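K.L.:
This is the structure I want to talk about, given as structure tokens.
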Amino acid sequence: MSTASNSYWRKNLQYVATLLAIWFAVSYGCGILLADWLDQYHLGGFKLGFWFAQQGSIYVFVILIAVYVKLMNRLDRSYDLSDEEAE
Amino acid sequence: MNVTAWTFIMVGTSFALYIGVAIWSRARSTGEFYVAGGKVPSIVNGMATAADWMSAASFISMAGLISFMGRDGSVYLMGWTGGYVLLALLLAPYLRKFGKYTVPDFVGDRYYSQTARVVAVICAIFISFTYVAGQMRGVGIVFSRFLDVHINVGVAIGMGIVFFYAVLGGMKGITYTQVAQYCVLIFAYLVPAIFISMIVTGHVIPQIGFGSTLADGSGVYLLERLDGLSRELGFEAYTSGGKNTLDVFFITAALMIGTAGLPHVIVRFYTVPNVAAARSSAGWALLFIAILYTTAPAVAAFARTNLIETVMDRPYDDVPEWFTRWEETGLIRFDDRNGNGIIEYRGPASEVENELTIDRDIIVLANPEIAHLPGWVIGLVAAGGLAAALSTAAGLLLVISTSVAHDLLKKALRPSISERGELIAARVAAGAAVVVAGYFGINPPGFVAQVVAFAFGLAAASFFPAIVLGIFSTRMNKYGAIAGMVVGIVFTASYIVYFKFMHPELNVEAHWLWGISPEGIGTLGMVLNFVVSITVSAMTPAPPESVQRLVEWIRIPKGAGEAHEVSL
């Protein structure tokens, strides 16, 4: 593997690790492990832990993929590895 | 116009639409049959993936499940959406770059082993068949409940429709019909949800109404009222969970990882033109799924409140019309134990005996009637349920036919087969699979419903580690992968079989390993798979140079286009 593709891959792993840490924190963290504790706070009529479990985690999942797509498209372009037509 | 007439119109129109789309987009080559020629735009693929994924269970049963489980129902919401993050970040881009047609193709090539390929084919066919039987049953149920057609006739009609577009159209036909089906099903889900949200809370958007005050002017939050009603009747408060936290954790993980390992979902990412499109179509797919999945818990809460307030301590002579109508189908049963003529609906903690049994499916199916919505909305729900069942069934049938024609026939048994021959074999296999699925829909073996839930655990414990390690480790060899898959699936399957089939009487928390239920055990199986794979691989020779180069090649997004063409 060349040095350029090595550093591309390391960068990719960094992004994935960071995003998966957030993924874990909102679903398993806020939605399950910390849910009972978070329930003392309220978001409108929702208890906060309940909201994360039934609504919030899903919104965050969608945002995580959107961020990943943006980051990776930029990374692909900066290493000239994109298959897309130049935009 | 009455409800049945509306239902015929809605269902008939949607079926005509699917057939029209299928004729317009039928497949002419194996490439088009297996992966729609690899030219599907990412937003279109996202929509098709959403329809592929959301089955009769998501559409008909999920809101009901949550309605009766309250907070514990969150495992399905997070479990069936969170998997897409794993899919987008860990699997889809690399499998697309790899560019062959199926999951067994990847496993077979990456682990340079015909054994690994055949094991993967068997897993894929097994998972797909258990699933598809459930979908056909769903079609039959919708027909029989809404149109007074016998359940077997319903299944036969569903088989006919799926046969038509899956066999003729292959992946290309399925993709564009799934887009149409997504539109039908999401419209059918949102319309009643919006109506009910407005009736109960005065908000148009159900996700907001869910956390708002009631429209009756009392200033009480919906969820507060629901917690109160639940406790009053002797149930757990709606927003607090009853399951143990570790088990919730394991079940959620098994569902998430299982989702990422399901062959009919993974195969959809082969249909887009390049790696960037594979990533973004996973995002679109989750967005389209999230629209339904964030609405479902709101519907669950509205419907539960509505239902309790309608039936609670009401004299039986005074019940609304829908109650009697659904009593006839057996979905709701009243047994006046104390003979006072009053419906006493009670939870386990109540001193009064419960007299009402409610099937969870009623939450979506009868909700429009409970909330007094017009007849066309009820017809729309029937069309939506059918769209959800048919789109998933078609995707699964394609996996089965591809597995048979491509992975078994072309790659293992008769490599010399022509493209024309392979295409005919794929169509014959799809046709045969429709018939077998229909048979199971009409005569459902008792184990289907149970096995579907466990397909996730099995997928998590077998496919997922093999694919992830195959991409993220160049060192992983075939010994490690095969040992890991075998240990993962044997451990998970034995645990499930032991508690569900051999000793169902022991299937309680006290006997479970660390309090993990059979539904969640796939997560532990997956951990075992990872550990065994890595250990065995470290003690055995590294994979050949060519395989290590293949792994480095799939990590680089550029140059995915060509790999798709069929080599004749």
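Residue names in the structure tokens use chain letters A, B, ... in the order shown, residue numbers from 1 in each chain, and ligand numbers from 1 in the order shown.
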List every residue of chain A that has an atom at most 9 Å from any atom of chain B, giving for each one its closest atom pair and the distance in Å to one decimal, counting only C-alpha atoms, sorted by chain and then by ascending residue number, as a Markdown table.
P.N.:
```
| residue | atom | partner | partner_atom | distance |
| --- | --- | --- | --- | --- |
| A:Met1 | CA | B:Glu552 | CA | 7.0 |
| A:Ser5 | CA | B:Ile556 | CA | 7.5 |
| A:Tyr8 | CA | B:Ile556 | CA | 8.5 |
| A:Trp9 | CA | B:Arg555 | CA | 7.4 |
| A:Val16 | CA | B:Leu89 | CA | 6.3 |
| A:Leu19 | CA | B:Leu89 | CA | 8.7 |
| A:Leu20 | CA | B:Val85 | CA | 8.0 |
| A:Trp23 | CA | B:Val85 | CA | 7.8 |
| A:Ser27 | CA | B:Met78 | CA | 6.9 |
| A:Tyr28 | CA | B:Phe249 | CA | 6.7 |
| A:Gly31 | CA | B:Ser74 | CA | 8.3 |
| A:Ile32 | CA | B:Phe249 | CA | 6.7 |
| A:Leu33 | CA | B:Thr245 | CA | 6.8 |
| A:Asp36 | CA | B:Ser240 | CA | 8.1 |
| A:Leu43 | CA | B:Gly211 | CA | 7.8 |
| A:Gly44 | CA | B:Gly211 | CA | 5.9 |
| A:Gly45 | CA | B:Gly211 | CA | 4.3 |
| A:Phe46 | CA | B:Gly211 | CA | 5.3 |
| A:Lys47 | CA | B:Thr239 | CA | 7.8 |
| A:Phe50 | CA | B:Thr239 | CA | 6.3 |
| A:Trp51 | CA | B:Gly211 | CA | 8.8 |
| A:Ala53 | CA | B:Ser74 | CA | 5.6 |
| A:Gln54 | CA | B:Ser74 | CA | 5.6 |
| A:Gln55 | CA | B:Thr294 | CA | 5.7 |
| A:Gly56 | CA | B:Thr294 | CA | 8.9 |
| A:Ser57 | CA | B:Met78 | CA | 6.9 |
| A:Ile58 | CA | B:Ala290 | CA | 6.6 |
| A:Tyr59 | CA | B:Ala290 | CA | 7.5 |
| A:Phe61 | CA | B:Val85 | CA | 6.3 |
| A:Val62 | CA | B:Leu287 | CA | 5.9 |
| A:Ile63 | CA | B:Gly283 | CA | 8.5 |
| A:Leu64 | CA | B:Val85 | CA | 7.3 |
| A:Ile65 | CA | B:Gly283 | CA | 5.4 |
| A:Ala66 | CA | B:Gly283 | CA | 6.1 |
| A:Tyr68 | CA | B:Leu89 | CA | 7.5 |
| A:Val69 | CA | B:Ser280 | CA | 5.9 |
| A:Lys70 | CA | B:Ser280 | CA | 8.9 |
| A:Met72 | CA | B:Ala276 | CA | 8.1 |
| A:Asn73 | CA | B:Ala276 | CA | 6.9 |
| A:Asp76 | CA | B:Pro557 | CA | 7.5 |
| A:Asp80 | CA | B:Lys558 | CA | 8.4 |
| A:Leu81 | CA | B:Lys558 | CA | 4.9 |
| A:Ser82 | CA | B:Lys558 | CA | 5.4 |
| A:Asp83 | CA | B:Lys558 | CA | 5.2 |
| A:Glu84 | CA | B:Ala276 | CA | 7.4 |
```
K.L.:
Limited to N, CA and C atoms, could you put the picked residues into a file as a compact mmCIF listing (two decimals), in the first residue's frame?
P.N.:
```txt
# COMPACT_ATOMS: atom_id res chain seq x y z
N MET A 1 0.84 -1.20 0.00
CA MET A 1 0.00 0.00 0.00
C MET A 1 0.88 1.25 0.00
N SER A 5 -2.30 6.19 0.16
CA SER A 5 -3.51 5.43 0.48
C SER A 5 -3.50 5.00 1.94
N TYR A 8 -4.84 8.00 3.73
CA TYR A 8 -6.29 8.06 3.42
C TYR A 8 -7.04 7.10 4.34
N TRP A 9 -6.52 5.89 4.45
CA TRP A 9 -7.19 4.85 5.24
C TRP A 9 -7.22 5.20 6.72
N VAL A 16 -14.58 7.08 11.18
CA VAL A 16 -15.49 5.99 11.55
C VAL A 16 -15.52 5.82 13.06
N LEU A 19 -17.45 8.77 14.73
CA LEU A 19 -18.89 8.72 14.50
C LEU A 19 -19.53 7.55 15.24
N LEU A 20 -18.82 6.41 15.29
CA LEU A 20 -19.39 5.27 16.01
C LEU A 20 -19.42 5.51 17.52
N TRP A 23 -22.52 7.36 17.93
CA TRP A 23 -23.61 6.39 17.70
C TRP A 23 -23.86 5.58 18.98
N SER A 27 -27.39 5.98 21.53
CA SER A 27 -28.33 4.87 21.61
C SER A 27 -28.13 4.06 22.89
N TYR A 28 -26.96 3.43 23.02
CA TYR A 28 -26.73 2.60 24.21
C TYR A 28 -26.54 3.46 25.46
N GLY A 31 -30.04 6.28 25.46
CA GLY A 31 -31.31 5.56 25.29
C GLY A 31 -31.47 4.37 26.21
N ILE A 32 -30.36 3.81 26.72
CA ILE A 32 -30.49 2.60 27.54
C ILE A 32 -29.82 2.75 28.91
N LEU A 33 -28.47 2.89 28.91
CA LEU A 33 -27.75 2.83 30.19
C LEU A 33 -28.04 4.03 31.09
N ASP A 36 -32.60 6.03 32.67
CA ASP A 36 -33.34 6.27 33.92
C ASP A 36 -32.89 7.56 34.60
N LEU A 43 -38.15 17.24 28.15
CA LEU A 43 -38.11 17.96 26.89
C LEU A 43 -39.56 18.07 26.46
N GLY A 44 -40.21 19.22 26.74
CA GLY A 44 -41.65 19.30 26.54
C GLY A 44 -42.31 18.23 27.39
N GLY A 45 -43.20 17.43 26.77
CA GLY A 45 -43.89 16.39 27.53
C GLY A 45 -43.10 15.10 27.64
N PHE A 46 -41.88 15.07 27.06
CA PHE A 46 -41.08 13.84 27.10
C PHE A 46 -40.18 13.83 28.33
N LYS A 47 -40.03 12.66 28.95
CA LYS A 47 -38.88 12.48 29.83
C LYS A 47 -37.69 12.30 28.91
N PHE A 50 -36.51 8.73 27.80
CA PHE A 50 -37.54 8.14 26.95
C PHE A 50 -37.48 8.75 25.55
N TRP A 51 -37.26 10.06 25.49
CA TRP A 51 -37.18 10.73 24.19
C TRP A 51 -35.99 10.20 23.38
N ALA A 53 -34.63 7.30 23.62
CA ALA A 53 -34.87 5.92 23.22
C ALA A 53 -35.86 5.81 22.07
N GLN A 54 -36.88 6.69 22.02
CA GLN A 54 -37.92 6.52 21.01
C GLN A 54 -37.86 7.54 19.87
N GLN A 55 -37.11 8.62 20.03
CA GLN A 55 -37.04 9.62 18.97
C GLN A 55 -35.60 10.07 18.70
N GLY A 56 -34.96 10.60 19.73
CA GLY A 56 -33.69 11.29 19.57
C GLY A 56 -32.60 10.46 18.92
N SER A 57 -32.46 9.21 19.36
CA SER A 57 -31.38 8.39 18.80
C SER A 57 -31.56 8.23 17.30
N ILE A 58 -32.79 8.10 16.82
CA ILE A 58 -33.04 7.90 15.39
C ILE A 58 -32.64 9.16 14.60
N TYR A 59 -33.00 10.33 15.12
CA TYR A 59 -32.60 11.57 14.44
C TYR A 59 -31.07 11.64 14.35
N PHE A 61 -28.93 9.19 14.33
CA PHE A 61 -28.42 8.21 13.34
C PHE A 61 -28.42 8.82 11.94
N VAL A 62 -29.53 9.48 11.59
CA VAL A 62 -29.64 10.07 10.24
C VAL A 62 -28.54 11.13 10.05
N ILE A 63 -28.36 11.97 11.08
CA ILE A 63 -27.35 13.02 10.98
C ILE A 63 -25.95 12.41 10.86
N LEU A 64 -25.68 11.34 11.61
CA LEU A 64 -24.35 10.71 11.57
C LEU A 64 -24.00 10.26 10.15
N ILE A 65 -24.95 9.62 9.47
CA ILE A 65 -24.65 9.15 8.12
C ILE A 65 -24.43 10.34 7.19
N ALA A 66 -25.24 11.39 7.35
CA ALA A 66 -25.09 12.57 6.50
C ALA A 66 -23.70 13.17 6.69
N TYR A 68 -20.98 11.63 7.76
CA TYR A 68 -20.02 10.68 7.20
C TYR A 68 -19.90 10.85 5.68
N VAL A 69 -21.06 10.96 5.01
CA VAL A 69 -21.06 11.13 3.55
C VAL A 69 -20.30 12.39 3.16
N LYS A 70 -20.59 13.49 3.85
CA LYS A 70 -19.90 14.77 3.57
C LYS A 70 -18.39 14.63 3.78
N MET A 72 -16.45 11.99 3.91
CA MET A 72 -15.78 11.05 3.01
C MET A 72 -15.69 11.59 1.60
N ASN A 73 -16.73 12.30 1.14
CA ASN A 73 -16.65 12.89 -0.20
C ASN A 73 -15.51 13.89 -0.27
N ASP A 76 -12.22 11.88 -0.23
CA ASP A 76 -11.99 11.26 -1.54
C ASP A 76 -11.43 12.28 -2.52
N ASP A 80 -7.84 12.62 -4.42
CA ASP A 80 -8.11 12.31 -5.82
C ASP A 80 -8.53 10.84 -6.01
N LEU A 81 -9.41 10.37 -5.14
CA LEU A 81 -9.86 8.99 -5.23
C LEU A 81 -11.34 8.89 -5.57
N SER A 82 -11.92 10.03 -5.97
CA SER A 82 -13.35 10.04 -6.20
C SER A 82 -13.69 9.51 -7.58
N ASP A 83 -14.81 8.75 -7.64
CA ASP A 83 -15.31 8.27 -8.92
C ASP A 83 -16.34 9.22 -9.52
N GLU A 84 -16.79 10.17 -8.72
CA GLU A 84 -17.81 11.09 -9.17
C GLU A 84 -17.24 12.05 -10.21
```
K.L.:
Write down as a ChimeraX atom specification the residues of stretch 290-391 of chain B whose backbone DSSP state falls under strand (DSSP E).
P.N.:
/B:332-334,356-358
K.L.:
Can you write just those residues out, N, CA and C atoms, as a CSV table (one decimal), in the first residue's frame?
P.N.:
```csv
chain,number,residue,atom,x,y,z
B,332,ILE,N,-59.8,-8.9,19.0
B,332,ILE,CA,-60.2,-8.4,20.3
B,332,ILE,C,-61.2,-9.3,20.9
B,333,ARG,N,-61.0,-9.6,22.2
B,333,ARG,CA,-61.9,-10.6,22.8
B,333,ARG,C,-62.3,-10.1,24.2
B,334,PHE,N,-63.6,-10.1,24.4
B,334,PHE,CA,-64.1,-9.7,25.7
B,334,PHE,C,-64.7,-10.9,26.4
B,356,LEU,N,-60.4,-8.3,29.0
B,356,LEU,CA,-60.2,-7.9,27.6
B,356,LEU,C,-58.9,-8.3,27.0
B,357,THR,N,-58.9,-9.1,25.9
B,357,THR,CA,-57.6,-9.5,25.3
B,357,THR,C,-57.6,-8.7,23.9
B,358,ILE,N,-56.5,-8.0,23.7
B,358,ILE,CA,-56.4,-7.2,22.5
B,358,ILE,C,-55.1,-7.6,21.7
```
K.L.:
Which residue out of B:Ser113, B:Ser67, B:Thr402, B:Thr392 has the minimum interatomic distance to B:Ala237 when only C-alpha atoms are used?
P.N.:
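Answer, going by the shortest atom-to-atom distance: B:Ser67.
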K.L.:
Point out the residue among A:Ala35, A:Leu71, A:Val26, A:Val60 with the least atom-to-atom distance to A:Leu13, counting only C-alpha atoms.
P.N.:
A:Leu71
